[in-house]
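Novice: Please see the structure below; I have some questions.
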Amino acid sequence: MTGMKIECPCCGGEIDARHTEGLSTTLRRMYFVCEDCGYRTPAGFEILYSLSASSRPRAGVELEVRPSTMLRGAVNTRTTQMREARP
């Protein structure tokens, strides 16, 4: 459903997010299920702050902007390639 997977704390397999519910604009509760061992658990996902300001800010949502050094790994590779591909 959400496409998010994390490691199962019980068996080490992958647990999949099956359902999410919004608790606020920046907070979601996600429900995970492990197909290998049957473990089920809720987890929280929270937007803490921004790395850059939004070009389309939402009324009533204020997130502190904390600029960061360049990201490393696959995320940085994808964003760099996207920037370089633009005319």
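Identifiers in the structure tokens: chain A, B, ... in order shown; residue index from 1 per chain; ligand index from 1 in order shown.
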A:Gly60: which residues within 12 Å, counting only C-alpha atoms, same-chain residues fewer than 3 positions away excluded, as a PyMOL selection string?
Specialist: chain A and resi 24-26+57+63
Novice: Please save C-alpha atoms of the selected residues as an mmCIF file, in the first residue's frame.
Specialist:
```
data_model
loop_
_atom_site.group_PDB
_atom_site.id
_atom_site.type_symbol
_atom_site.label_atom_id
_atom_site.label_comp_id
_atom_site.auth_asym_id
_atom_site.auth_seq_id
_atom_site.Cartn_x
_atom_site.Cartn_y
_atom_site.Cartn_z
ATOM 1 C CA SER A 24 -1.519 15.543 12.080
ATOM 2 C CA THR A 25 -0.115 17.351 9.058
ATOM 3 C CA THR A 26 3.406 16.151 9.894
ATOM 4 C CA PRO A 57 4.036 26.504 1.625
ATOM 5 C CA LEU A 63 8.571 23.806 9.685
#
```
Novice: Give me, as a PyMOL selection string, all polymer residues having an atom no more than 10 Å from stretch 50-53 of chain A, counting only C-alpha atoms and skipping those fewer than 4 positions away in the same chain.
Specialist: chain A and resi 57+62-69
Novice: Please provide the set of residues having any atom within 10 Å of A:Arg40, restricted to only C-alpha atoms, with same-chain residues fewer than 4 positions apart removed, written as a PyMOL selection string.
Specialist: chain A and resi 8+15-18+31-35
Novice: Generate a file of the selected residues that holds N, CA, C and O atoms, formatted as a compact mmCIF listing (two decimals), in the first residue's frame.
Specialist:
```
# COMPACT_ATOMS: atom_id res chain seq x y z
N CYS A 8 12.30 -6.54 10.08
CA CYS A 8 11.51 -7.06 11.20
C CYS A 8 12.42 -7.19 12.42
O CYS A 8 13.47 -7.83 12.35
N ILE A 15 9.44 -6.23 6.85
CA ILE A 15 8.04 -5.99 7.19
C ILE A 15 7.54 -4.83 6.33
O ILE A 15 8.26 -3.87 6.06
N ASP A 16 6.32 -4.99 5.85
CA ASP A 16 5.73 -4.04 4.92
C ASP A 16 4.71 -3.16 5.63
O ASP A 16 3.92 -3.66 6.44
N ALA A 17 4.68 -1.89 5.27
CA ALA A 17 3.63 -0.99 5.76
C ALA A 17 2.36 -1.33 5.00
O ALA A 17 2.34 -1.32 3.78
N ARG A 18 1.31 -1.68 5.73
CA ARG A 18 0.06 -2.08 5.10
C ARG A 18 -1.00 -0.99 5.16
O ARG A 18 -1.92 -0.97 4.38
N TYR A 31 1.19 0.96 10.03
CA TYR A 31 1.02 -0.39 10.56
C TYR A 31 1.77 -1.37 9.67
O TYR A 31 1.53 -1.44 8.46
N PHE A 32 2.72 -2.12 10.26
CA PHE A 32 3.59 -3.04 9.54
C PHE A 32 3.23 -4.49 9.84
O PHE A 32 2.81 -4.82 10.95
N VAL A 33 3.45 -5.37 8.84
CA VAL A 33 3.20 -6.80 8.98
C VAL A 33 4.38 -7.55 8.37
O VAL A 33 4.84 -7.22 7.29
N CYS A 34 4.85 -8.59 9.10
CA CYS A 34 5.92 -9.45 8.59
C CYS A 34 5.29 -10.73 8.05
O CYS A 34 4.64 -11.47 8.79
N GLU A 35 5.48 -10.98 6.76
CA GLU A 35 4.94 -12.20 6.14
C GLU A 35 5.69 -13.44 6.60
O GLU A 35 5.15 -14.54 6.59
```
Novice: Tell me, as a compact mmCIF listing (two decimals) with all heavy atoms, in the first residue's frame, which residues lie within 6 Å of A:Arg29, counting only C-alpha atoms; anything in the same chain fewer than 2 positions away does not count.
Specialist:
```txt
# COMPACT_ATOMS: atom_id res chain seq x y z
N THR A 20 -1.72 3.29 6.75
CA THR A 20 -1.27 4.46 7.48
C THR A 20 -2.47 5.29 7.87
O THR A 20 -3.53 5.23 7.23
CB THR A 20 -0.31 5.35 6.65
OG1 THR A 20 -1.03 5.93 5.57
CG2 THR A 20 0.87 4.57 6.12
N GLU A 21 -2.31 6.04 8.95
CA GLU A 21 -3.35 6.99 9.32
C GLU A 21 -2.69 8.30 9.72
O GLU A 21 -1.67 8.32 10.38
CB GLU A 21 -4.24 6.46 10.45
CG GLU A 21 -3.56 6.29 11.78
CD GLU A 21 -4.48 5.75 12.86
OE1 GLU A 21 -5.61 6.24 13.01
OE2 GLU A 21 -4.06 4.82 13.56
N ALA A 43 4.03 1.92 13.95
CA ALA A 43 5.23 2.74 14.06
C ALA A 43 4.85 4.17 13.69
O ALA A 43 3.89 4.40 12.97
CB ALA A 43 6.33 2.23 13.13
N GLY A 44 5.62 5.12 14.20
CA GLY A 44 5.37 6.52 13.91
C GLY A 44 6.32 7.06 12.87
O GLY A 44 7.48 6.65 12.79
```
Novice: In Å, with one decimal, what is the gap from atom CA of A:Met4 to atom CA of A:Tyr49?
Specialist: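 Rounded to one decimal, the two atoms are 20.5 Å apart.
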Novice: Distance atom CA of A:Val61-atom CA of A:Ile47, one decimal place?
Specialist: 11.2 Å
Novice: Have a look at atom CA of A:Glu46 and atom CA of A:Glu7 and let me know their distance in Å, one decimal.
Specialist: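 Interatomic distance here is 18.6 Å.
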